[in-house]
Structure formats: C-alpha cells, structure tokens
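Q: Attaching a single structure in structure tokens format; questions to follow.
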Amino acid sequence: MQRNRPPSPQTVNVLLTLAADPARWRYGYDLATEVRLKSGSLYPILVRLADRGLLETSWEAGVGSRPPRHLYRLTGAGREFVAALTAARRDRSAAQPRRRLSEA
Amino acid sequence: MPYFIVFLLTPIGVAIALYRRNPRRFLDGPADDAPQRLLLWAVSLLSPRRAEWGQAMLGELAHLEGRRRRLRFAFGCAGAALIMPPWGRAAVGLGAAIAVTAGSLTLYASLAAHYGLGAGDWIALAVLGIICAGFLLGASALLRRPGIALPGLAGGVFGVVVGLSIAGFTAVDQVSFIPRPWQQWVTVIAVPAAIGAVGTLWRRDPAAGRRVARLAALSAGLLQLLYATVAVAILGGGGPPDQDGGFTVRGTISDRLGNNIVDLVVGTLLIAMVGWAAAALAGRLVRRTPAPAISVREG
C-alpha cells in the first residue's frame with residue numbers, strides 16, 4: 001500500500017522547480033544545483049516522485065564514449081499535484097493572518 | 001603461532017594474489033578514476049528494480065568535469081544507493097546487526113556511567129562506535145549481494161558458537177580463558193578457513209566465498225562483542241582477579257571492556273583474512289573441477 005505522506009520541503013522545492021518550465025527535460029546535476037540539494041538527497045526524491053507517477057524519465061543518447069544521460073520532467077499527474085499543492089499553500093497562507101487576528 | 005601465520009603471511013598472500021590477477025593494475029594503480037569506481041561499487045548494490053537509477057547516476061557522473069565536483073557527486077549518490085530501498089530480506093539481517101550493535105554500545109555506556117569510568121573509557125566508547133558503524137556499513141553492502149546474507153550470517157554465528165564452545169559459555173570464561181595451541185589453530189585457522197571454503201563451494205564462486213567470509217567476520221565480531229560485554233556486566237568487578245594485579249573495580253571493568261574492543265578488531269580481521277585465503281584456494285579447486293552437465297537455472 002502506498003503511503004501518502006505530505007511531501008518534504010525539499011521535495012516541494014524540486015516539484016516547484018520542475019513545474020516552473022514543465023515541458024523542459026532536465027539533467028539530474030543541473031536540477032540538484034538549481035534546488036541546492038546534494039546528489040544524495042536529490043536522487044531518492046526523484047525515485048519517490050517517479051514511483052508515485054509524478055515524474056517522467058527519459059534517456060538522452062550518449063555522445064562518443066560518454067554514456068546516455070537521464071532526463072526528468074513532470075508528468076500530467078505531477079503538474080496537477082503541483083497545482084493542488086500551490087493552491088493548498090495559498091489557502092493556508094491566506095488563512096494564517098485571519099487566525100492571527102482572531103488570536104489577538 | 002597461528003596469529004603469526006595469519007598476520008604475517010596473509011598480507012603477503014593477498015599481495016601475490018592481487019599481482020597475479022592483474023600485474024599492471026597492481027603496480028600502476030587502478031586505471032579508472034576514484035569517483036567512478038566508488039559509484040560503480042555502490043550502484044552494484046542496488047536491487048534490480050533500481051538498476052536504471054544506478055545507470056542514471058553513472059551517466060550523470062560521466063558528464064561532470066572537475067575532480068572535486070565529481071567526487072562530491074559520487075559520494076552523495078553512493079550514500080543514496082547504499083540506503084535506497086527495496087532491501088528485501090537483507091533488511092532483516094541488517095536490522096539484527098543494528099540491534100546487536102546497539103545492545104553492545106548501550107551496555108558499554110551503562111557500565112561506564114554506573115562504575116564512573118574516566119574520560120579514556122568514554123573516548124574508547126566513541127572509537128568503538130566508529131568501528132561498529134564501519135562494520136555495519138560493510139555488512140549492509142555485503143547483505144545486499146545476492147546469495148551472501150544467509151551463508152555469511154550463518155558463518156558468523158558458527159564462528160561465535162565454536163569459539164564459545166571452546167572457551168566456555170559462562171561470564172567467567174569470557175574474561176579468564178587462555179587458549180591452548182590446538183584451540184588457537186581451531187579458532188584462528190580451521191573455522192575461518194571452513195567459512196571461506198564453504199562460501200565458495202556454496203555459490204561455486206570464489207568472489208562469493210570472500211564476501212561470505214567478510215560478512216561472517218563482521219557478524220561474528222559484533223555478536224562476540226555483545227556476548228563479552230554482557231559477561232562484563234554480569235561479573236562487574238568480580239570474577240577471577242586480573243593477572244596484572246593491583247586493579248580497582250573501575251580498573252578491572254575498564255580493562256575488560258578494552259579487551260573486548262581488541263578482541264573485536266583482531267577476531268574480525270582473522271576471520272576475514274583466513275576466510276579470504278580459504279575462499280581463494282577453494283575457488284582454484286572449483287575451477288579445476290568440471291562443471292555438472294545439467295545446469296540449474298537461477299531464479
């Protein structure tokens with residue numbers, strides 16, 4: 001059974017970065033640099049996202065002696081997930097000032 | 001005598017074996033770079049379900065420039081590969097090893113606190129923690145190799161049981177036993193050699209035999225450490241007086257705990273090295289023996 005835990009801040013960061021330009025394929029190292037994550041943290045996140053069907057992967061053919069390179073972008077489900085996540089965050093941030101006012 | 005043979009002759013034997021395997025690599029060093037070798041090793045531990053991710057990490061590394069950047073990337077990926085699920089049945093073995101280690105370290109710390117041992121003993125505990133962490137890391141890598149976990153762990157238990165059968169199972173035996181020469185030959189040579197040889201014959205592969213010997217060495221070391229630490233806890237400052245004499249209760253406890261650390265390191269090295277040699281020798285015999293006509297397909 002798959003657990004649906006809320007994504008970690010690092011995972012959210014990766015999702016938002018991928019969602020910024022959802023059609024573009026990205027390399028693992030470039031993505032790690034962009035979200036300021038070490039490779040040891042990024043790859044487990046990518047694996048989990050792919051397992052949940054939120055991430056699409058592809059291979060770029062190797063050039064010369066260099067091996068093929070893995071590419072990543074969000075799936076349709078991934079884009080919907082990010083949209084829902086962003087909406088939920090917006091609602092939460094809108095509700096928080098009201099709560100603070102009522103507490104006061 | 002057996003200790004002399006193992007610690008003097010085994011490194012020479014290992015060096016000869018490495019030279020015979022690849023003279024150029026032995027003299028000139030490895031041809032491929034360190035980050036790639038590290039990552040190749042780590043991704044080889046991934047389950048077949050995650051093999052694509054291992055290739056992804058290797059492919060990305062091949063496109064990176066700069067030694068420092070490559071090394072950092074490879075270290076991160078290797079760490080991720082080492083813990084990446086699924087672990088299958090290997091998780092049970094690792095869980096058991098962690099539980100045994102945690103038991104030993106907790107008991108050691110409790111004894112150090114209870115008897116008010118000095119800073120040196122707490123430093124020794126920290127060193128022991130580092131050694132045990134290295135053992136667990138090594139065991140985690142070996143446990144994930146197909147067909148290694150069961151014979152490796154069984155070999156470790158076998159080594160400990162034989163050692164205890166010879167020394168005696170009581171707490172007093174753990175702190176006072178001095179082996180006779182024939183007992184040394186059994187525990188230092190015969191048992192580790194049997195583990196390595198059986199490991200090779202089990203899989204008909206000397207590399208598997210060497211891994212079985214290493215896993216057996218690590219698991220036997222951790223198990224023996226727990227047993228010996230429990231023995232110290234049972235005896236406290238009691239039991240037979242130390243031959244050096246003049247020890248206080250604190251000194252006795254500290255000495256016994258220190259001996260356990262030395263036994264852990266020496267015992268593990270012995271099993272690993274003798275098992276390694278026996279696995280290599282058994283491998284030569286296996287290669288000379290013709291394979292059976294009907295091969296069994298592995299699942």
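The chains in the structure tokens are called A, B, ... from first to last as shown; in each chain the residues are counted from 1, and the ligands are counted from 1 in the order shown.
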As a count of residues only, list the residues of segment 1-79 of chain A assigned to strand (DSSP E) by DSSP on the backbone atoms of this structure.
A: 14
Q: Could the residues of chain A within 8 Å of chain B, counting only C-alpha atoms, be given as a list in words, please?
A: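 Contact residues on the first chain: Tyr27, Gly28, Tyr29, Lys38, Ser39, Gly40, Ser41, Tyr43, Pro44, Val47, Arg66, Pro67, Pro68, Arg69 and His70 of chain A.
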Q: Go through B:Thr10, B:Val266, B:Thr101, B:Gly116 one by one, measure the shortest atom-to-atom distance of each to Ile130 of chain B using only C-alpha atoms, and give the residue with the smallest value.
A: B:Thr101
Q: Which residues come within 7 Å of Pro22 of chain A, counting only C-alpha atoms, excluding same-chain residues fewer than 4 positions away, as number ranges by chain?
A: A: 18, 73-74
Q: What's around Gly120 of chain B at 10 Å? Count only C-alpha atoms, leave out sequence neighbours fewer than 5 positions away in its own chain, and write the answer as a PyMOL selection string.
A: chain B and resi 125-126+254
